[in-house]
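Below is final20.cif, which holds mmCIF, C-alpha atoms.
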data_upload
loop_
_atom_site.label_atom_id
_atom_site.label_comp_id
_atom_site.auth_asym_id
_atom_site.auth_seq_id
_atom_site.Cartn_x
_atom_site.Cartn_y
_atom_site.Cartn_z
CA MET A 1 126.52 41.62 -64.96
CA ARG A 2 123.33 39.97 -63.76
CA ILE A 3 123.05 36.28 -64.62
CA LYS A 4 119.49 35.20 -65.48
CA ASN A 5 118.23 32.07 -63.79
CA ALA A 6 117.09 29.39 -66.23
CA ASN A 7 113.89 28.91 -64.20
CA SER A 8 113.11 32.63 -63.79
CA GLN A 9 110.52 32.60 -66.56
CA LEU A 10 108.65 29.66 -65.01
CA ASP A 11 108.76 31.36 -61.57
CA ARG A 12 107.26 34.56 -62.95
CA LEU A 13 104.43 32.70 -64.65
CA SER A 14 103.54 30.83 -61.47
CA GLN A 15 103.08 34.13 -59.58
CA THR A 16 100.50 35.63 -61.94
CA LYS A 17 96.74 35.07 -62.11
CA SER A 18 97.13 33.74 -65.66
CA MET A 19 96.46 30.19 -66.68
CA VAL A 20 99.12 28.29 -68.67
CA LEU A 21 97.98 26.12 -71.54
CA ILE A 22 100.23 23.68 -73.32
CA ASP A 23 100.07 23.54 -77.09
CA PRO A 24 98.24 20.23 -77.64
CA GLY A 25 100.08 19.66 -80.90
CA GLU A 26 103.54 19.68 -79.24
CA ALA A 27 104.70 16.50 -77.54
CA ASN A 28 106.24 17.23 -74.15
CA LYS A 29 109.59 15.64 -73.39
CA GLN A 30 109.30 13.69 -70.13
CA ILE A 31 112.15 12.94 -67.76
CA SER A 32 111.95 10.05 -65.30
CA ARG A 33 113.16 10.81 -61.78
CA HIS A 34 112.78 7.29 -60.39
CA ARG A 35 114.97 4.43 -61.56
CA ARG A 36 112.86 1.54 -60.29
CA ASN A 37 109.42 2.52 -61.48
CA HIS A 38 109.35 4.49 -64.73
CA SER A 39 105.52 4.55 -64.97
CA GLN A 40 104.62 6.66 -61.92
CA HIS A 41 106.12 10.16 -61.72
CA TYR A 42 106.98 12.39 -64.62
CA VAL A 43 107.81 16.08 -64.98
CA THR A 44 107.86 18.16 -68.12
CA ASP A 45 111.01 19.56 -69.61
CA ASN A 46 111.57 23.33 -69.47
CA THR A 47 111.65 23.39 -73.26
CA ILE A 48 107.82 23.61 -73.31
CA LEU A 49 108.06 27.25 -72.23
CA LYS A 50 108.65 28.33 -75.79
CA ASP A 51 105.26 26.92 -76.93
CA ILE A 52 102.95 27.95 -74.07
CA LEU A 53 99.97 30.24 -74.50
CA VAL A 54 99.14 32.63 -71.67
CA THR A 55 95.60 33.89 -71.31
CA GLN A 56 94.83 36.55 -68.68
CA ASN A 57 91.83 36.15 -66.40
CA LYS A 58 89.04 38.72 -66.44
CA GLU A 59 86.92 39.90 -63.54
CA GLY A 60 84.47 42.67 -62.82
CA ILE A 61 80.89 43.60 -61.92
CA LEU A 62 77.96 42.51 -64.14
CA ASN A 63 74.21 42.09 -63.73
CA LYS A 64 73.26 38.39 -63.74
CA ALA A 65 70.01 36.45 -64.01
CA LYS A 66 69.76 32.65 -64.03
CA ILE A 67 66.66 31.66 -66.04
CA THR A 68 67.19 27.89 -66.37
CA ASP A 69 68.80 25.38 -64.00
CA LYS A 70 69.55 21.97 -65.59
CA GLY A 71 66.65 22.40 -68.00
CA LYS A 72 64.19 23.66 -65.36
CA LYS A 73 62.85 27.16 -65.98
CA LEU A 74 63.44 29.66 -63.19
CA ARG A 75 61.89 32.99 -62.39
CA LYS A 76 64.13 35.74 -63.74
CA ASN A 77 65.64 37.76 -60.90
CA TRP A 78 68.42 40.21 -61.74
CA SER A 79 71.24 40.68 -59.22
CA THR A 80 74.65 42.32 -59.24
CA SER A 81 77.54 39.83 -59.16
CA TYR A 82 81.31 40.04 -59.14
CA VAL A 83 82.21 37.80 -62.10
CA VAL A 84 85.54 36.03 -62.53
CA LEU A 85 86.47 34.40 -65.86
CA SER A 86 89.14 31.71 -65.52
CA ASP A 87 90.54 29.09 -67.91
CA ARG A 88 87.21 27.29 -68.39
CA LYS A 89 84.77 28.60 -65.78
CA LEU A 90 82.72 31.61 -64.81
CA ASP A 91 82.51 32.15 -61.05
CA PHE A 92 79.94 34.49 -59.53
CA TYR A 93 80.45 36.20 -56.15
CA LYS A 94 78.36 38.68 -54.22
CA ASP A 95 81.26 41.11 -54.14
CA ALA A 96 85.04 41.24 -54.58
CA LYS A 97 85.62 40.68 -50.84
CA GLU A 98 84.73 37.01 -51.25
CA LEU A 99 87.91 36.53 -53.30
CA THR A 100 90.08 37.09 -50.21
CA PRO A 101 91.82 33.97 -48.81
CA ASN A 102 89.96 34.23 -45.48
CA VAL A 103 86.57 33.71 -47.10
CA LYS A 104 85.29 30.11 -47.00
CA SER A 105 84.83 28.29 -50.31
CA GLY A 106 81.14 27.81 -49.56
CA SER A 107 80.51 31.53 -50.02
CA LYS A 108 80.68 31.27 -53.82
CA SER A 109 77.15 31.94 -55.10
CA ASP A 110 77.39 30.13 -58.44
CA SER A 111 79.78 28.71 -61.01
CA ILE A 112 79.33 27.44 -64.58
CA ASP A 113 81.58 25.34 -66.81
CA LEU A 114 82.20 26.92 -70.23
CA TYR A 115 83.30 23.71 -71.97
CA GLY A 116 80.85 23.07 -74.83
CA ALA A 117 78.78 26.14 -73.89
CA GLU A 118 77.08 28.52 -76.33
CA ILE A 119 76.95 32.32 -76.15
CA GLU A 120 74.66 34.69 -78.05
CA TRP A 121 73.12 38.16 -77.84
CA THR A 122 69.44 38.24 -76.95
CA THR A 123 66.74 40.88 -77.01
CA GLU A 124 63.84 38.53 -76.30
CA LYS A 125 64.74 37.25 -72.84
CA SER A 126 64.86 40.69 -71.20
CA SER A 127 63.72 44.26 -71.81
CA ARG A 128 67.13 45.50 -70.64
CA LYS A 129 69.74 46.58 -73.14
CA ASN A 130 73.13 44.88 -73.70
CA VAL A 131 72.05 41.38 -72.69
CA PHE A 132 73.70 38.13 -73.81
CA GLN A 133 72.95 34.54 -72.84
CA ILE A 134 75.24 31.63 -71.97
CA THR A 135 73.85 28.10 -72.35
CA THR A 136 75.89 25.28 -70.81
CA VAL A 137 75.92 21.59 -71.75
CA SER A 138 74.26 20.79 -68.40
CA GLY A 139 71.16 22.82 -69.35
CA ASN A 140 71.87 26.03 -67.42
CA GLU A 141 70.98 29.38 -69.00
CA ILE A 142 72.55 32.59 -67.63
CA LEU A 143 71.83 36.16 -68.71
CA LEU A 144 74.60 38.75 -68.27
CA GLN A 145 74.09 42.50 -68.71
CA SER A 146 75.80 45.85 -68.27
CA ASP A 147 74.61 49.35 -69.06
CA THR A 148 78.09 50.23 -70.37
CA ASP A 149 78.36 49.21 -74.03
CA ILE A 150 82.16 48.82 -74.09
CA THR A 151 82.19 46.72 -70.92
CA ILE A 152 79.57 44.23 -72.12
CA GLN A 153 81.25 43.94 -75.53
CA GLU A 154 84.60 43.12 -73.89
CA TRP A 155 83.00 40.47 -71.67
CA PHE A 156 81.14 38.89 -74.61
CA GLN A 157 84.34 38.68 -76.65
CA ALA A 158 86.41 37.31 -73.75
CA ILE A 159 83.89 34.58 -72.90
CA ARG A 160 83.43 33.63 -76.55
CA ASN A 161 87.21 33.36 -77.00
CA THR A 162 87.41 31.11 -73.94
CA ILE A 163 84.62 28.85 -75.24
CA ASP A 164 86.27 28.65 -78.68
CA SER A 165 89.64 27.81 -77.12
CA LEU A 166 88.10 24.92 -75.19
CA GLY A 167 86.69 23.44 -78.38
CA LYS A 168 83.49 21.49 -79.00
CA GLY A 169 82.67 17.90 -79.67
CA GLN A 170 85.88 16.46 -78.21
CA LEU A 171 85.84 13.12 -76.46
CA PHE A 172 87.46 14.53 -73.34
CA PRO A 173 87.48 18.20 -72.26
CA PRO A 174 90.91 19.92 -72.44
CA LEU A 175 93.04 20.14 -69.31
CA SER A 176 94.54 23.44 -68.18
CA ILE A 177 97.47 21.97 -66.21
CA ASN A 178 100.96 21.64 -67.70
CA VAL A 179 102.06 18.56 -65.76
CA TRP A 180 100.68 15.05 -66.42
CA LYS A 181 100.90 12.55 -63.57
CA SER A 182 99.74 8.99 -63.99
CA SER A 183 100.40 5.63 -62.39
CA SER A 184 99.95 2.03 -63.37
CA ALA A 185 97.30 1.59 -60.69
CA GLU A 186 95.20 4.46 -62.08
CA MET A 187 95.38 3.07 -65.62
CA LEU A 188 94.33 -0.39 -64.43
CA HIS A 189 91.41 1.11 -62.48
CA HIS A 190 90.29 3.05 -65.55
CA GLY A 191 90.51 -0.10 -67.68
CA ALA A 192 88.39 -2.02 -65.20
CA GLU A 193 85.71 0.67 -65.36
CA LEU A 194 85.61 0.50 -69.16
CA LYS A 195 85.35 -3.29 -69.08
CA GLY A 196 82.46 -3.11 -66.61
CA LYS A 197 80.60 -0.64 -68.81
CA LYS A 198 81.03 -2.89 -71.88
CA ASN A 199 79.58 -5.87 -69.97
CA GLU A 200 76.57 -3.78 -68.89
CA GLN A 201 75.99 -2.61 -72.47
CA ARG A 202 76.18 -6.20 -73.75
CA LYS A 203 73.59 -7.39 -71.20
CA SER A 204 71.32 -4.46 -72.03
CA LEU A 205 71.50 -5.25 -75.75
CA VAL A 206 70.54 -8.90 -75.18
CA PHE A 207 67.58 -7.79 -73.03
CA LYS A 208 66.38 -5.32 -75.63
CA LEU A 209 66.53 -7.94 -78.42
CA ASN A 210 64.48 -10.42 -76.39
CA TYR A 211 62.02 -7.73 -75.31
CA SER A 212 61.57 -6.24 -78.79
CA ALA A 213 60.74 -9.65 -80.25
CA SER A 214 57.84 -10.13 -77.84
CA ASP A 215 56.62 -6.54 -77.94
CA THR A 216 56.29 -6.00 -81.70
CA SER A 217 52.57 -6.69 -81.77
CA ASP A 218 51.92 -4.27 -78.88
CA ARG A 219 53.77 -1.48 -80.64
CA ASN A 220 51.81 -2.07 -83.84
CA ARG A 221 48.54 -1.76 -81.93
CA VAL A 222 49.67 1.52 -80.37
CA LYS A 223 50.65 2.92 -83.78
CA THR A 224 47.25 1.99 -85.22
CA ARG A 225 45.41 3.73 -82.37
CA LEU A 226 47.53 6.87 -82.73
CA LYS A 227 46.83 7.05 -86.47
CA LYS A 228 43.08 6.79 -85.86
CA PHE A 229 43.23 9.49 -83.17
CA ILE A 230 45.19 11.88 -85.38
CA SER A 231 42.85 11.35 -88.33
CA ARG A 232 39.81 12.11 -86.13
CA ARG A 233 41.20 15.17 -84.34
CA PRO A 234 39.44 18.46 -85.16
CA SER A 235 41.15 21.14 -87.24
CA LEU A 236 42.43 24.42 -85.82
CA LYS A 237 39.63 26.30 -87.58
CA THR A 238 37.01 24.05 -85.97
CA LEU A 239 38.49 24.61 -82.51
CA GLN A 240 38.50 28.37 -83.10
CA GLU A 241 34.87 28.32 -84.27
CA LYS A 242 33.85 26.43 -81.14
CA GLY A 243 35.72 28.95 -78.98
CA LEU A 244 38.13 26.37 -77.55
CA ILE A 245 41.15 28.19 -79.01
CA LYS A 246 41.15 31.98 -79.19
CA ASP A 247 43.37 34.22 -81.28
CA GLN A 248 46.05 35.97 -79.29
CA VAL A 249 46.75 39.70 -79.13
CA PHE A 250 50.29 39.59 -77.73
CA GLY A 251 52.70 38.00 -80.19
CA CYS A 252 50.31 38.34 -83.14
CA SER A 253 51.54 40.13 -86.26
CA LEU A 254 50.30 43.68 -86.65
CA GLU A 255 48.68 43.04 -90.03
CA THR A 256 46.88 39.88 -88.87
CA LEU A 257 45.55 41.60 -85.76
CA CYS A 258 44.31 44.66 -87.67
CA ARG A 259 42.65 42.55 -90.37
CA ARG A 260 40.88 40.51 -87.69
CA GLU A 261 39.60 43.68 -86.05
CA ASN A 262 38.90 45.41 -89.40
CA THR A 263 40.99 48.45 -88.47
CA THR A 264 44.45 49.92 -89.11
CA VAL A 265 45.27 50.47 -85.43
CA PRO A 266 44.74 47.60 -82.92
CA HIS A 267 42.02 48.20 -80.32
CA PHE A 268 44.55 47.25 -77.66
CA VAL A 269 46.82 50.17 -78.61
CA THR A 270 44.07 52.80 -78.70
CA THR A 271 42.54 51.55 -75.43
CA PHE A 272 45.80 51.59 -73.49
CA VAL A 273 46.95 54.91 -74.95
CA GLU A 274 43.69 56.54 -73.88
CA ALA A 275 44.04 55.05 -70.38
CA VAL A 276 47.57 56.46 -69.95
CA GLU A 277 46.56 59.91 -71.21
CA LYS A 278 43.53 59.90 -68.92
CA ARG A 279 45.35 58.87 -65.73
CA GLY A 280 49.08 59.38 -65.83
CA LEU A 281 50.71 61.92 -68.15
CA ASP A 282 52.31 63.54 -65.10
CA ALA A 283 53.53 60.29 -63.51
CA GLY A 284 57.28 60.32 -62.89
CA GLY A 285 59.38 58.10 -65.13
CA LEU A 286 56.49 57.18 -67.41
CA TYR A 287 57.48 54.18 -69.61
CA ARG A 288 60.92 54.16 -67.97
CA VAL A 289 59.83 52.79 -64.59
CA SER A 290 58.85 49.12 -64.70
CA GLY A 291 55.56 47.93 -63.23
CA ASN A 292 55.04 44.69 -61.30
CA LEU A 293 55.82 41.90 -63.77
CA SER A 294 53.33 39.39 -62.35
CA THR A 295 50.51 41.97 -62.59
CA ILE A 296 51.53 42.81 -66.18
CA GLN A 297 51.43 39.11 -67.07
CA LYS A 298 47.98 38.84 -65.49
CA LEU A 299 46.79 41.80 -67.57
CA ARG A 300 48.27 40.18 -70.66
CA PHE A 301 46.36 36.97 -69.95
CA VAL A 302 43.07 38.87 -69.64
CA VAL A 303 43.67 40.63 -72.97
CA ASN A 304 44.62 37.39 -74.77
CA GLN A 305 41.53 35.60 -73.46
CA GLU A 306 39.32 38.46 -74.69
CA GLU A 307 37.80 38.77 -71.26
CA LYS A 308 35.97 41.96 -70.36
CA LEU A 309 38.71 44.42 -69.48
CA ASN A 310 38.20 47.47 -67.31
CA LEU A 311 41.42 49.41 -66.90
CA ASP A 312 39.73 51.55 -64.24
CA ASP A 313 39.63 48.47 -61.97
CA SER A 314 41.71 48.82 -58.80
CA GLN A 315 44.00 45.92 -59.73
CA TRP A 316 45.28 47.98 -62.69
CA GLU A 317 45.58 51.24 -60.74
CA ASP A 318 49.38 51.35 -61.08
CA ILE A 319 49.97 53.36 -64.28
CA HIS A 320 53.34 51.63 -64.76
CA VAL A 321 51.52 48.30 -65.15
CA VAL A 322 49.50 49.77 -68.04
CA THR A 323 52.57 51.29 -69.73
CA GLY A 324 54.50 48.06 -69.12
CA ALA A 325 51.81 46.06 -70.95
CA LEU A 326 51.88 48.50 -73.88
CA LYS A 327 55.66 48.23 -74.17
CA MET A 328 55.40 44.42 -73.99
CA PHE A 329 52.88 44.41 -76.85
CA PHE A 330 55.29 46.25 -79.18
CA ARG A 331 58.29 44.23 -77.95
CA GLU A 332 56.57 40.89 -78.74
CA LEU A 333 55.46 41.77 -82.28
CA PRO A 334 56.93 39.11 -84.63
CA GLU A 335 58.07 42.00 -86.84
CA PRO A 336 58.69 45.35 -85.11
CA LEU A 337 56.62 48.47 -85.77
CA PHE A 338 59.44 49.66 -88.07
CA PRO A 339 59.54 46.64 -90.48
CA HIS A 340 62.82 44.79 -90.94
CA SER A 341 62.94 45.74 -94.62
CA PHE A 342 62.99 49.44 -93.65
CA PHE A 343 65.59 49.22 -90.88
CA GLU A 344 68.69 49.97 -92.97
CA GLN A 345 66.87 52.80 -94.80
CA PHE A 346 65.96 54.53 -91.53
CA VAL A 347 69.55 54.14 -90.32
CA GLU A 348 70.87 55.72 -93.51
CA ALA A 349 68.35 58.58 -93.17
CA ILE A 350 69.41 59.42 -89.61
CA LYS A 351 73.04 59.62 -90.77
CA ILE A 352 72.24 62.59 -93.06
CA GLN A 353 73.96 65.71 -91.72
CA ASP A 354 71.62 68.32 -93.22
CA SER A 355 68.61 68.59 -90.89
CA LYS A 356 66.08 69.51 -93.63
CA LEU A 357 67.17 66.64 -95.85
CA GLN A 358 67.14 64.35 -92.83
CA VAL A 359 63.52 65.19 -91.98
CA LYS A 360 62.50 64.86 -95.64
CA ALA A 361 64.08 61.40 -95.86
CA MET A 362 62.24 60.33 -92.70
CA ARG A 363 58.92 61.66 -94.05
CA ASP A 364 59.35 59.80 -97.35
CA LEU A 365 60.11 56.53 -95.55
CA VAL A 366 57.13 56.86 -93.21
CA LYS A 367 54.80 57.40 -96.19
CA GLN A 368 56.06 54.14 -97.75
CA LEU A 369 55.17 52.05 -94.69
CA PRO A 370 52.20 49.61 -94.83
CA PRO A 371 48.98 51.29 -93.61
CA TYR A 372 48.89 49.23 -90.39
CA ASN A 373 52.43 50.25 -89.46
CA HIS A 374 51.94 53.87 -90.52
CA ASP A 375 48.68 54.49 -88.66
CA THR A 376 49.75 52.63 -85.50
CA MET A 377 53.07 54.49 -85.50
CA LYS A 378 51.27 57.83 -85.84
CA VAL A 379 48.98 57.07 -82.89
CA LEU A 380 51.90 55.96 -80.72
CA PHE A 381 54.18 58.93 -81.49
CA LYS A 382 51.32 61.38 -81.09
CA HIS A 383 50.78 59.88 -77.64
CA LEU A 384 54.50 60.10 -76.80
CA ARG A 385 54.51 63.76 -77.87
CA LYS A 386 51.92 64.48 -75.17
CA ILE A 387 54.26 62.88 -72.64
CA VAL A 388 57.11 65.14 -73.77
CA VAL A 389 54.88 68.21 -73.28
CA ASN A 390 54.59 67.21 -69.59
CA ALA A 391 58.33 66.53 -69.24
CA SER A 392 58.61 69.06 -66.41
CA THR A 393 56.55 66.73 -64.17
CA ASN A 394 57.11 63.24 -65.60
CA LEU A 395 60.83 63.85 -66.35
CA MET A 396 60.58 62.10 -69.73
CA SER A 397 62.26 64.03 -72.56
CA THR A 398 62.53 62.99 -76.20
CA GLN A 399 65.97 61.54 -75.46
CA SER A 400 64.60 59.48 -72.56
CA LEU A 401 61.75 58.09 -74.66
CA GLY A 402 64.23 57.37 -77.47
CA ILE A 403 66.29 55.22 -75.12
CA VAL A 404 63.16 53.36 -73.92
CA PHE A 405 61.44 52.79 -77.27
CA GLY A 406 64.40 52.69 -79.69
CA PRO A 407 65.34 48.98 -79.31
CA THR A 408 61.62 48.05 -78.98
CA LEU A 409 60.38 49.66 -82.18
CA LEU A 410 63.47 49.14 -84.39
CA ARG A 411 65.71 46.11 -84.61
CA PRO A 412 67.60 44.39 -87.45
CA ASP A 413 66.38 41.08 -88.78
CA ASN A 414 69.67 39.25 -88.25
CA ASP A 415 71.77 38.80 -85.09
CA PRO A 416 72.89 42.32 -84.02
CA ARG A 417 76.65 41.87 -83.91
CA ASN A 418 77.09 45.67 -83.92
CA MET A 419 74.49 46.06 -81.20
CA ALA A 420 76.12 49.07 -79.57
CA VAL A 421 76.26 50.98 -82.89
CA TYR A 422 72.68 50.07 -83.82
CA MET A 423 71.45 51.19 -80.41
CA VAL A 424 72.71 54.72 -80.98
CA TYR A 425 70.83 54.96 -84.30
CA GLN A 426 67.67 53.42 -82.82
CA ASN A 427 67.54 56.05 -80.09
CA GLN A 428 68.28 58.91 -82.48
CA ILE A 429 65.53 57.86 -84.91
CA VAL A 430 62.85 57.85 -82.18
CA ASP A 431 64.20 61.12 -80.78
CA LEU A 432 64.03 62.85 -84.19
CA MET A 433 60.54 61.56 -84.97
CA LEU A 434 59.29 62.97 -81.67
CA MET A 435 60.89 66.38 -82.21
CA GLU A 436 59.78 66.62 -85.85
CA PHE A 437 56.43 64.84 -85.46
CA ASP A 438 54.37 67.47 -87.31
CA ALA A 439 56.78 67.62 -90.26
CA ILE A 440 57.17 63.81 -90.60
CA PHE A 441 53.50 62.82 -90.17
CA CYS A 442 52.01 65.77 -92.04
#

Once more with this new file: its structure as structure tokens, please.
Amino acid sequence: MRIKNANSQLDRLSQTKSMVLIDPGEANKQISRHRRNHSQHYVTDNTILKDILVTQNKEGILNKAKITDKGKKLRKNWSTSYVVLSDRKLDFYKDAKELTPNVKSGSKSDSIDLYGAEIEWTTEKSSRKNVFQITTVSGNEILLQSDTDITIQEWFQAIRNTIDSLGKGQLFPPLSINVWKSSSAEMLHHGAELKGKKNEQRKSLVFKLNYSASDTSDRNRVKTRLKKFISRRPSLKTLQEKGLIKDQVFGCSLETLCRRENTTVPHFVTTFVEAVEKRGLDAGGLYRVSGNLSTIQKLRFVVNQEEKLNLDDSQWEDIHVVTGALKMFFRELPEPLFPHSFFEQFVEAIKIQDSKLQVKAMRDLVKQLPPYNHDTMKVLFKHLRKIVVNASTNLMSTQSLGIVFGPTLLRPDNDPRNMAVYMVYQNQIVDLMLMEFDAIFC
């Protein structure tokens, strides 16, 4: 018979990549190993093994973009990183080779602390699909993305579980070690630091009391001047009449924009659709290939400022810049082209198995849309149909356009927890409306 070693379980745990967390509600029994000084070295009893919680690490390849560093906005640059999730951190490496023992510690590209962090799905920070954002307590914002739905869902759940396990609002962050070591000298040093901080706070309070007593009159004068300035400031309507503030095109609601222009289809949409059909129906990857972002932003600025726009100008010669601006317009609508109130109805219609009933349900829903949504949608899908006709040269089929425009034109009003499921329906709805355009918009 083989006799099991009492420490075999502890040995096995120490050889894995797992982290060992002690149940904070269980008091560990401590055994002194020094007779003269009982306040220095302690070890935990093996009885804690029955209450430990083992959480496996996770690692793999994700696309990463850091958009904020300690509150400072950064330019969004996507890069592929080898991500390692540990007990309370996310480490980012250029590739898996940097995890080998021979690689220096300075090779790590980035690392974030998950204690107190927040995680959420986002469709506004990037045009890519399957993107979620992590915001740390230090003011860092990281975007993580993967084209594989299952992979990104697993990462989101694993990181959220780690954040939840760390807890929020605690005085001190939880420790991941299972052995506490303390000494009398360390406790005295910590007490001295606390005493010094209390003295500084007391001095600061005395200074503030003396200062506030002499500064009351100054503050009252400042408040009076601010009230007079606010009461005299011009209204928004006055500034718009004088031309100091102009109405925007990007980010404006579809109804407001159409009413302002006295039309049911924004001039921006018709102008850009005509430009694409005139110059680039045979361009490869139309609407799928991204144009230069800085040039697209420049074009957006010109449109918002109502400056004279000539899309035949050489600076807009890249057709992907024009298509990128058109996609951005629909992506930044406060309410998508398919209104939020119709989202669930379109999803239910696409689930119908009978093709004739499916098309009929789509046609009935389209007829119920507000005139601005209906007419703009008809112009856009008629334009996309012309792209499909040239699919042999531009390589853009109805399925490809469904993938590109599905999440842009349809999205639920609340946080998409079932994002992967919704994405399938979004693509199928656009695909069907392109194939059955004549029957739906008759």

Would you pick out the contacts of A:Leu257 at 9 Å or less, using all atoms listed in the file, so that residues sharing its chain but fewer than 6 positions from it are not included, and give the list as a VMD selection string? chain A and resid 247 to 249 263 265 to 266

Length of the atom CA of A:Leu410 to atom CA of A:Val289 vector [Å]: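 Value for the atom CA of A:Leu410-atom CA of A:Val289 distance: 20.5 Å.
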
Option closest in space to A:Ser81, from A:Leu143, A:Leu380, A:Cys442, A:Leu114 [counting all atoms listed in the file]: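 Smallest separation from A:Ser81 among the options: A:Leu143.
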
Could you state which residues are captured by the PyMOL selection byres ((chain A and resi 158) around 12) in this file, as a list of chain:residue names?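 Matching residues under the PyMOL selection byres ((chain A and resi 158) around 12) are A:Thr55, A:Gln56, A:Asn57, A:Lys58, A:Glu59, A:Val84, A:Leu85, A:Ser86, A:Asp87, A:Arg88, A:Lys89, A:Leu90, A:Leu114, A:Ile119, A:Thr151, A:Ile152, A:Gln153, A:Glu154, A:Trp155, A:Phe156, A:Gln157, A:Ile159, A:Arg160, A:Asn161, A:Thr162, A:Ile163, A:Asp164, A:Ser165.
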
Just write the chosen residues, C-alpha atoms, as a compact mmCIF listing (two decimals), in the frame of the given file.
# COMPACT_ATOMS: atom_id res chain seq x y z
CA THR A 55 95.60 33.89 -71.31
CA GLN A 56 94.83 36.55 -68.68
CA ASN A 57 91.83 36.15 -66.40
CA LYS A 58 89.04 38.72 -66.44
CA GLU A 59 86.92 39.90 -63.54
CA VAL A 84 85.54 36.03 -62.53
CA LEU A 85 86.47 34.40 -65.86
CA SER A 86 89.14 31.71 -65.52
CA ASP A 87 90.54 29.09 -67.91
CA ARG A 88 87.21 27.29 -68.39
CA LYS A 89 84.77 28.60 -65.78
CA LEU A 90 82.72 31.61 -64.81
CA LEU A 114 82.20 26.92 -70.23
CA ILE A 119 76.95 32.32 -76.15
CA THR A 151 82.19 46.72 -70.92
CA ILE A 152 79.57 44.23 -72.12
CA GLN A 153 81.25 43.94 -75.53
CA GLU A 154 84.60 43.12 -73.89
CA TRP A 155 83.00 40.47 -71.67
CA PHE A 156 81.14 38.89 -74.61
CA GLN A 157 84.34 38.68 -76.65
CA ILE A 159 83.89 34.58 -72.90
CA ARG A 160 83.43 33.63 -76.55
CA ASN A 161 87.21 33.36 -77.00
CA THR A 162 87.41 31.11 -73.94
CA ILE A 163 84.62 28.85 -75.24
CA ASP A 164 86.27 28.65 -78.68
CA SER A 165 89.64 27.81 -77.12

Would you compute the distance between atom CA of A:Leu401 and atom CA of A:Gln133? Give it in Å to one decimal. 26.1 Å

Select, from A:Lys228, A:Arg128, A:Arg288, A:Lys367, the residue with the minimum atom-to-atom distance to A:Pro407, counting all atoms listed in the file.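 Selected residue with least distance to A:Pro407: A:Arg128.
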
At a cut-off of 10 Å, using all atoms listed in the file, what residues contact A:Val347? Leave out same-chain residues fewer than 3 positions from it and give the result as a ChimeraX atom specification. /A:342-344,350-352,362,410,422,424-426,428-429

Between A:Thr80, A:Phe437, A:Lys97, A:Leu369, which is the closest to A:Lys382 once you count all atoms listed in the file?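 Smallest distance to A:Lys382 is found for A:Phe437.
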
Figure out the distance between atom CA of A:Lys66 and atom CA of A:Glu141, please, to one decimal in Å. 6.1 Å

Among the residues A:Asn427, A:Asp375, A:Asn304, A:Arg411, the one that comes closest to A:Thr398 [using all atoms listed in the file]: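 Result for the nearest residue to A:Thr398: A:Asn427.
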
Given the choices A:Thr408, A:Ser217, A:Thr136, A:Thr122, which gets closest to A:Phe338 if the distance is worked out from only C-alpha atoms? A:Thr408

Name the residues in contact with A:Leu395 at a cut-off of 12 Å, using all atoms listed in the file, excluding same-chain residues fewer than 5 positions from it; report them as a list of chain:residue names.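 The neighbour list is A:Leu281, A:Asp282, A:Ala283, A:Gly284, A:Gly285, A:Leu286, A:Tyr287, A:Arg288, A:Val289, A:Ile387, A:Val388, A:Val389, A:Asn390, A:Ser400, A:Leu401.
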
Quick one: residues within 8 Å of A:Thr323, all atoms listed in the file counted, chain neighbours fewer than 4 positions away excluded, as a PyMOL selection string? chain A and resi 272+276+286-287+291+319+327

Nearest to A:Phe301: which of A:Asp110, A:Phe405, A:Arg363, A:Phe250 is it, counting only C-alpha atoms? A:Phe250
